[in-house]
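K.L.:
I am attaching a structure below and will ask some questions about it afterwards.
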Number of protein chains: 2
Amino acid sequence: MDSKDISQAVISRLPRYHRFLSELKDRGIERISSAELSDLMHVTASQIRQDLNNFGGFGQQGYGYNVDYLYEEIGHILGLDMRHNLIIVGAGNLGQALANYVNFDRRGFHTKGLFDSDPHMQGVVVRNMPVRPMSELEDFIRVNSIDIAVLTIPKEAAIEVADRLIRCGIKGIWNFAHIDLDVPPNVRVENVHLSDSLMKLSYNLRDLG
Amino acid sequence: MDSKDISQAVISRLPRYHRFLSELKDRGIERISSAELSDLMHVTASQIRQDLNNFGGFGQQGYGYNVDYLYEEIGHILGLDMRHNLIIVGAGNLGQALANYVNFDRRGFHTKGLFDSDPHMQGVVVRNMPVRPMSELEDFIRVNSIDIAVLTIPKEAAIEVADRLIRCGIKGIWNFAHIDLDVPPNVRVENVHLSDSLMKLSYNLRDLG
DNA sequence: ATCTGCTTGGCAAAAAATTCACAAAGTATC
DNA sequence: GATACTTTGTGAATTTTTTGCCAAGCAGAT
């Protein structure tokens with residue numbers, strides 16, 4: 001299970017497996033074969049088996065995969081059994097929307113604070129958390145052992161804020177700003193570029209009438 | 001420029017090129033070589049040339065690429081010069097956040113309406129648009145020539161709502177619901193699974209301390 | 001306890017994506 | 001106008017990803 005050898009393509013598919021297994025669990029299904037899962041997910045059975053085998057053999061010949069067990073294992077691979085403390089930087093509409101996402105807590109992602117540079121936002125309360133001024137950023141990160149920062153600010157401010165976050169030891173940045181961040185190798189960035197996604201949809205609509 | 005032959009991997013990279021070219025434009029840079037762009041974007045020059053050549057030769061030997069021209073061409077490939085009318089279904093935090101994104105308008109994506117099934121949301125006004133009841137959905141789509149629906153509703157409702165949308169001729173669905181939609185071949189879905197993205201970040205943080 | 005059928009794990013083949021390398025064709029300079 | 005330099009476009013090589021295949025081995029029935 002040496003992470004460096006596993007391609008991001010495989011990693012990107014794991015959350016989807018996790019999602020379908022969760023659904024199967026909810027439906028009370030105990031076991032599933034790669035062929036059945038293949039039908040459900042519209043990917044080849046071979047790919048499912050290949051993907052899972054990157055992390056060890058979770059199935060059994062003649063039986064298939066145990067849904068509960070596989071669900072737990074994939075969760076473990078993804079690090080969902082670890083606790084992460086987040087802050088959200090940028091308390092605009094999107095920042096507030098993310099702050100209100102209760103499901104993140106269930107996966108071990110706990111939002112501890114909310115920051116905004118706009119003085120008019122100070123004191124506004126979102127999900128029992130007051131919006132804090134940027135001047136409190138560094139102290140708050142240290143005191144609350146924050147390891148992930150969610151960046152929901154305009155691109156103009158993103159680079160500077162990211163630098164500040166990195167300087168006080170943030171490990172992960174979930175970046176919603178419309179810009180690519182250059183970070184040192186010990187920091188991980190996951191981008192959510194909504195505009196890029198919309199443009200992709202636009203392209204795929206081109207020849208549809 | 002036969003769209004069916006071009007892989008989604010290439011398409012996924014086009015918005016990023018577009019973004020960097022926009023930045024170069026803003027900085028007043030008129031021309032750029034694939035080697036310079038390669039440095040900037042941290043991808044190989046070869047990949048840039050290969051990607052662009054899928055759609056025709058936009059550069060010139062000994063000169064490179066004209067920034068303005070390439071920007072326009074990629075925008076055209078992505079269909080950004082077409083007008084799209086959107087509705088947002090689900091006026092929760094995320095739906096409202098997206099409704100307030102002014103930048104989408106600049107790219108030809110015009111939000112025309114906002115819907116929610118919750119009676120308490122009726123009449124709430126977001127960016128000058130009243131939240132409408134789901135009963136008005138079909139008529140509104142027809143009257144306003146809506147071609148894209150943004151789905152920001154819980155997964156439990158997503159399949160049923162998607163079916164309604166498809167039945168009245170929606171062409172594209174920008175799906176933020178935490179579930180995969182099965183749609184007929186003449187409908188395009190672009191998924192934004194925020195949880196999946198966060199799990200990917202979680203994985204990449206695993207061996208970082 | 002044995003037999004039949006099913007399904008994995010892993011290797012091999014095929015396909016797809018990326019990178020290399022260079023001729024061709026332009027730019028810039030003198 | 002000739003020469004030196006730059007950089008694209010593209011075919012070929014390489015690498016990565018996906019798919020096909022089947023021996024090995026467990027489950028379930030009798």
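Chain labels A, B, ... are given in the sequence in which chains occur in the structure tokens; within each chain residues are numbered consecutively from 1, and ligands are likewise numbered from 1 in the order shown.
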Just the residues within 6 Å of segment 163-177 of chain B, please, counting only C-alpha atoms (C1' of nucleotides), with nothing from its chain fewer than 3 positions along; format it as a list in words.
P.N.:
Asp147, Ile148, Ala149, Val150, Leu151, Thr152, Ile153, Pro154, Lys155, Glu160, Val187, Arg188, Val189, Glu190, Asn191, Val192 and His193 of chain B
K.L.:
Kindly determine which residues of chain D lie within 8 Å of chain A, considering only C-alpha atoms (C1' of nucleotides), and give the answer as an MDAnalysis selection string.
P.N.:
chainID D and resid 18:19 25:27
K.L.:
Keeping only C-alpha atoms (C1' of nucleotides), write the selected residues to a file as a compact mmCIF listing (two decimals), in the first residue's frame.
P.N.:
```txt
# COMPACT_ATOMS: atom_id res chain seq x y z
C1' DT D 18 -7.65 -0.28 -19.36
C1' DT D 19 -9.42 -4.60 -20.80
C1' DG D 25 -9.72 -21.64 -5.03
C1' DC D 26 -13.83 -20.86 -2.25
C1' DA D 27 -19.07 -21.45 -1.71
```
K.L.:
Leu37 of chain A: which residues within 10 Å, counting only C-alpha atoms (C1' of nucleotides), same-chain residues fewer than 3 positions away excluded, as a list in words?
P.N.:
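My list of contacting residues is Tyr17, Phe20, Leu21, Leu24, Ile32, Ser33, Ser34, Leu40, Met41, His42, Val43, Thr44, Ala45, Ile48 and Tyr65 of chain A.
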K.L.:
When the cut-off is 7 Å and we count only C-alpha atoms, which residues of chain A are near chain B, given as JSON, numbers by chain?
P.N.:
{"A": [11, 12, 15, 77, 78, 79, 93, 94, 97, 172, 186, 188, 190, 196, 199, 200, 201, 202, 203, 204, 205, 206, 208]}
K.L.:
Output as JSON lines one row per residue of chain C within 12 Å of chain A: the closest atom pair and its distance in Å to one decimal place, counting only C-alpha atoms (C1' of nucleotides), sorted by chain and residue number ascending.
P.N.:
```
{"residue": "C:DT4", "atom": "C1'", "partner": "A:Gly62", "partner_atom": "CA", "distance": 11.7}
{"residue": "C:DG5", "atom": "C1'", "partner": "A:Gly62", "partner_atom": "CA", "distance": 8.3}
{"residue": "C:DC6", "atom": "C1'", "partner": "A:Gly62", "partner_atom": "CA", "distance": 4.6}
{"residue": "C:DT7", "atom": "C1'", "partner": "A:Gly62", "partner_atom": "CA", "distance": 4.4}
{"residue": "C:DT8", "atom": "C1'", "partner": "A:Gln61", "partner_atom": "CA", "distance": 4.4}
{"residue": "C:DG9", "atom": "C1'", "partner": "A:Gly57", "partner_atom": "CA", "distance": 7.5}
{"residue": "C:DG10", "atom": "C1'", "partner": "A:Gln50", "partner_atom": "CA", "distance": 8.8}
{"residue": "C:DC11", "atom": "C1'", "partner": "A:Gln50", "partner_atom": "CA", "distance": 11.6}
```
K.L.:
Give the alpha helix (DSSP H) residues of segment 40-110 of chain A, as assigned by DSSP on the backbone, as a PyMOL selection string.
P.N.:
chain A and resi 40-41+45-53+67-77+93-99+103-106
K.L.:
For the selection you just gave me, I'd like the residues written to a file as a PDB file, in the first residue's frame, keeping C-alpha atoms.
P.N.:
```
ATOM      1  CA  LEU A  40     -24.462  -0.824 -11.389  1.00  0.00           C
ATOM      2  CA  MET A  41     -21.603   1.598 -11.926  1.00  0.00           C
ATOM      3  CA  ALA A  45     -15.572  -5.565 -13.714  1.00  0.00           C
ATOM      4  CA  SER A  46     -11.928  -5.890 -14.598  1.00  0.00           C
ATOM      5  CA  GLN A  47     -11.265  -2.296 -13.660  1.00  0.00           C
ATOM      6  CA  ILE A  48     -12.997  -2.692 -10.324  1.00  0.00           C
ATOM      7  CA  ARG A  49     -10.909  -5.735  -9.445  1.00  0.00           C
ATOM      8  CA  GLN A  50      -7.724  -4.085 -10.693  1.00  0.00           C
ATOM      9  CA  ASP A  51      -8.401  -0.908  -8.718  1.00  0.00           C
ATOM     10  CA  LEU A  52      -9.109  -2.764  -5.487  1.00  0.00           C
ATOM     11  CA  ASN A  53      -6.122  -5.017  -5.885  1.00  0.00           C
ATOM     12  CA  VAL A  67     -20.144  -4.848   1.215  1.00  0.00           C
ATOM     13  CA  ASP A  68     -19.589  -3.710   4.784  1.00  0.00           C
ATOM     14  CA  TYR A  69     -15.983  -4.809   4.837  1.00  0.00           C
ATOM     15  CA  LEU A  70     -15.118  -3.256   1.490  1.00  0.00           C
ATOM     16  CA  TYR A  71     -16.846  -0.019   2.450  1.00  0.00           C
ATOM     17  CA  GLU A  72     -14.796   0.193   5.626  1.00  0.00           C
ATOM     18  CA  GLU A  73     -11.564  -0.655   3.848  1.00  0.00           C
ATOM     19  CA  ILE A  74     -12.012   1.962   1.153  1.00  0.00           C
ATOM     20  CA  GLY A  75     -12.901   4.491   3.840  1.00  0.00           C
ATOM     21  CA  HIS A  76      -9.695   3.556   5.586  1.00  0.00           C
ATOM     22  CA  ILE A  77      -7.632   3.887   2.406  1.00  0.00           C
ATOM     23  CA  ASN A  93     -22.074  32.595  -0.198  1.00  0.00           C
ATOM     24  CA  LEU A  94     -19.969  29.590  -1.056  1.00  0.00           C
ATOM     25  CA  GLY A  95     -18.021  29.636   2.193  1.00  0.00           C
ATOM     26  CA  GLN A  96     -21.250  29.749   4.155  1.00  0.00           C
ATOM     27  CA  ALA A  97     -22.751  26.999   2.044  1.00  0.00           C
ATOM     28  CA  LEU A  98     -19.795  24.740   2.812  1.00  0.00           C
ATOM     29  CA  ALA A  99     -19.897  25.656   6.494  1.00  0.00           C
ATOM     30  CA  ASN A 103     -22.170  15.610   5.991  1.00  0.00           C
ATOM     31  CA  PHE A 104     -18.537  16.600   6.157  1.00  0.00           C
ATOM     32  CA  ASP A 105     -18.607  16.071   9.918  1.00  0.00           C
ATOM     33  CA  ARG A 106     -19.748  12.505   9.459  1.00  0.00           C
TER      34      ARG A 106
END
```
K.L.:
Hey, what does DSSP flag as strand (DSSP E) within segment 96-180 of chain B? Can you give it to me as JSON, numbers by chain?
P.N.:
{"B": [109, 110, 111, 112, 113, 114, 115, 125, 126, 129, 130, 131, 132, 148, 149, 150, 151, 172, 173, 174, 175]}
K.L.:
Can I get the selection written as a PDB file, in the first residue's frame, with N, CA, C and O atoms?
P.N.:
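Written out: part.pdb:
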```
ATOM      1  N   PHE B 109     -23.480  32.136 -19.526  1.00  0.00           N
ATOM      2  CA  PHE B 109     -24.409  31.316 -18.749  1.00  0.00           C
ATOM      3  C   PHE B 109     -25.304  32.234 -17.914  1.00  0.00           C
ATOM      4  O   PHE B 109     -24.838  32.822 -16.939  1.00  0.00           O
ATOM      5  N   HIS B 110     -26.567  32.326 -18.318  1.00  0.00           N
ATOM      6  CA  HIS B 110     -27.471  33.270 -17.675  1.00  0.00           C
ATOM      7  C   HIS B 110     -28.497  32.559 -16.815  1.00  0.00           C
ATOM      8  O   HIS B 110     -29.300  31.784 -17.327  1.00  0.00           O
ATOM      9  N   THR B 111     -28.440  32.836 -15.532  1.00  0.00           N
ATOM     10  CA  THR B 111     -29.388  32.215 -14.613  1.00  0.00           C
ATOM     11  C   THR B 111     -30.722  32.943 -14.694  1.00  0.00           C
ATOM     12  O   THR B 111     -30.804  34.146 -14.451  1.00  0.00           O
ATOM     13  N   LYS B 112     -31.755  32.187 -15.053  1.00  0.00           N
ATOM     14  CA  LYS B 112     -33.066  32.781 -15.298  1.00  0.00           C
ATOM     15  C   LYS B 112     -34.046  32.538 -14.158  1.00  0.00           C
ATOM     16  O   LYS B 112     -35.021  33.272 -14.010  1.00  0.00           O
ATOM     17  N   GLY B 113     -33.825  31.466 -13.402  1.00  0.00           N
ATOM     18  CA  GLY B 113     -34.788  31.163 -12.361  1.00  0.00           C
ATOM     19  C   GLY B 113     -34.230  30.249 -11.296  1.00  0.00           C
ATOM     20  O   GLY B 113     -33.191  29.609 -11.484  1.00  0.00           O
ATOM     21  N   LEU B 114     -34.946  30.210 -10.195  1.00  0.00           N
ATOM     22  CA  LEU B 114     -34.493  29.497  -9.008  1.00  0.00           C
ATOM     23  C   LEU B 114     -35.706  28.770  -8.445  1.00  0.00           C
ATOM     24  O   LEU B 114     -36.769  29.367  -8.279  1.00  0.00           O
ATOM     25  N   PHE B 115     -35.557  27.478  -8.180  1.00  0.00           N
ATOM     26  CA  PHE B 115     -36.702  26.685  -7.714  1.00  0.00           C
ATOM     27  C   PHE B 115     -36.383  25.975  -6.407  1.00  0.00           C
ATOM     28  O   PHE B 115     -35.230  25.618  -6.153  1.00  0.00           O
ATOM     29  N   VAL B 125     -36.115  36.200  -2.229  1.00  0.00           N
ATOM     30  CA  VAL B 125     -35.536  36.759  -3.449  1.00  0.00           C
ATOM     31  C   VAL B 125     -34.020  36.636  -3.414  1.00  0.00           C
ATOM     32  O   VAL B 125     -33.376  37.041  -2.450  1.00  0.00           O
ATOM     33  N   VAL B 126     -33.461  36.026  -4.436  1.00  0.00           N
ATOM     34  CA  VAL B 126     -32.013  35.875  -4.549  1.00  0.00           C
ATOM     35  C   VAL B 126     -31.569  36.535  -5.847  1.00  0.00           C
ATOM     36  O   VAL B 126     -32.039  36.158  -6.931  1.00  0.00           O
ATOM     37  N   MET B 129     -34.182  37.445  -8.163  1.00  0.00           N
ATOM     38  CA  MET B 129     -35.063  36.384  -8.650  1.00  0.00           C
ATOM     39  C   MET B 129     -35.836  35.781  -7.476  1.00  0.00           C
ATOM     40  O   MET B 129     -35.229  35.409  -6.471  1.00  0.00           O
ATOM     41  N   PRO B 130     -37.151  35.663  -7.625  1.00  0.00           N
ATOM     42  CA  PRO B 130     -37.925  35.020  -6.565  1.00  0.00           C
ATOM     43  C   PRO B 130     -37.739  33.506  -6.639  1.00  0.00           C
ATOM     44  O   PRO B 130     -37.635  32.945  -7.735  1.00  0.00           O
ATOM     45  N   VAL B 131     -37.657  32.859  -5.512  1.00  0.00           N
ATOM     46  CA  VAL B 131     -37.623  31.396  -5.511  1.00  0.00           C
ATOM     47  C   VAL B 131     -39.017  30.902  -5.880  1.00  0.00           C
ATOM     48  O   VAL B 131     -40.012  31.323  -5.287  1.00  0.00           O
ATOM     49  N   ARG B 132     -39.064  30.005  -6.877  1.00  0.00           N
ATOM     50  CA  ARG B 132     -40.363  29.539  -7.388  1.00  0.00           C
ATOM     51  C   ARG B 132     -40.662  28.121  -6.910  1.00  0.00           C
ATOM     52  O   ARG B 132     -39.748  27.342  -6.632  1.00  0.00           O
ATOM     53  N   ILE B 148     -30.006  24.426 -19.567  1.00  0.00           N
ATOM     54  CA  ILE B 148     -29.178  23.819 -18.519  1.00  0.00           C
ATOM     55  C   ILE B 148     -29.864  23.953 -17.163  1.00  0.00           C
ATOM     56  O   ILE B 148     -30.374  25.019 -16.828  1.00  0.00           O
ATOM     57  N   ALA B 149     -29.851  22.867 -16.405  1.00  0.00           N
ATOM     58  CA  ALA B 149     -30.366  22.912 -15.034  1.00  0.00           C
ATOM     59  C   ALA B 149     -29.231  22.599 -14.065  1.00  0.00           C
ATOM     60  O   ALA B 149     -28.451  21.676 -14.291  1.00  0.00           O
ATOM     61  N   VAL B 150     -29.154  23.402 -13.027  1.00  0.00           N
ATOM     62  CA  VAL B 150     -28.165  23.178 -11.975  1.00  0.00           C
ATOM     63  C   VAL B 150     -28.893  22.488 -10.828  1.00  0.00           C
ATOM     64  O   VAL B 150     -29.888  23.009 -10.327  1.00  0.00           O
ATOM     65  N   LEU B 151     -28.405  21.316 -10.461  1.00  0.00           N
ATOM     66  CA  LEU B 151     -29.090  20.523  -9.443  1.00  0.00           C
ATOM     67  C   LEU B 151     -28.370  20.642  -8.114  1.00  0.00           C
ATOM     68  O   LEU B 151     -27.321  20.036  -7.893  1.00  0.00           O
ATOM     69  N   GLY B 172     -28.618  19.879 -20.617  1.00  0.00           N
ATOM     70  CA  GLY B 172     -27.456  19.706 -19.754  1.00  0.00           C
ATOM     71  C   GLY B 172     -27.823  19.793 -18.288  1.00  0.00           C
ATOM     72  O   GLY B 172     -28.678  20.584 -17.910  1.00  0.00           O
ATOM     73  N   ILE B 173     -27.206  18.946 -17.488  1.00  0.00           N
ATOM     74  CA  ILE B 173     -27.440  18.994 -16.047  1.00  0.00           C
ATOM     75  C   ILE B 173     -26.099  19.157 -15.351  1.00  0.00           C
ATOM     76  O   ILE B 173     -25.185  18.357 -15.554  1.00  0.00           O
ATOM     77  N   TRP B 174     -26.011  20.211 -14.577  1.00  0.00           N
ATOM     78  CA  TRP B 174     -24.808  20.432 -13.763  1.00  0.00           C
ATOM     79  C   TRP B 174     -25.159  19.919 -12.379  1.00  0.00           C
ATOM     80  O   TRP B 174     -25.877  20.569 -11.630  1.00  0.00           O
ATOM     81  N   ASN B 175     -24.683  18.735 -12.084  1.00  0.00           N
ATOM     82  CA  ASN B 175     -25.181  17.986 -10.932  1.00  0.00           C
ATOM     83  C   ASN B 175     -24.305  18.083  -9.698  1.00  0.00           C
ATOM     84  O   ASN B 175     -23.199  17.554  -9.664  1.00  0.00           O
TER      85      ASN B 175
END
```
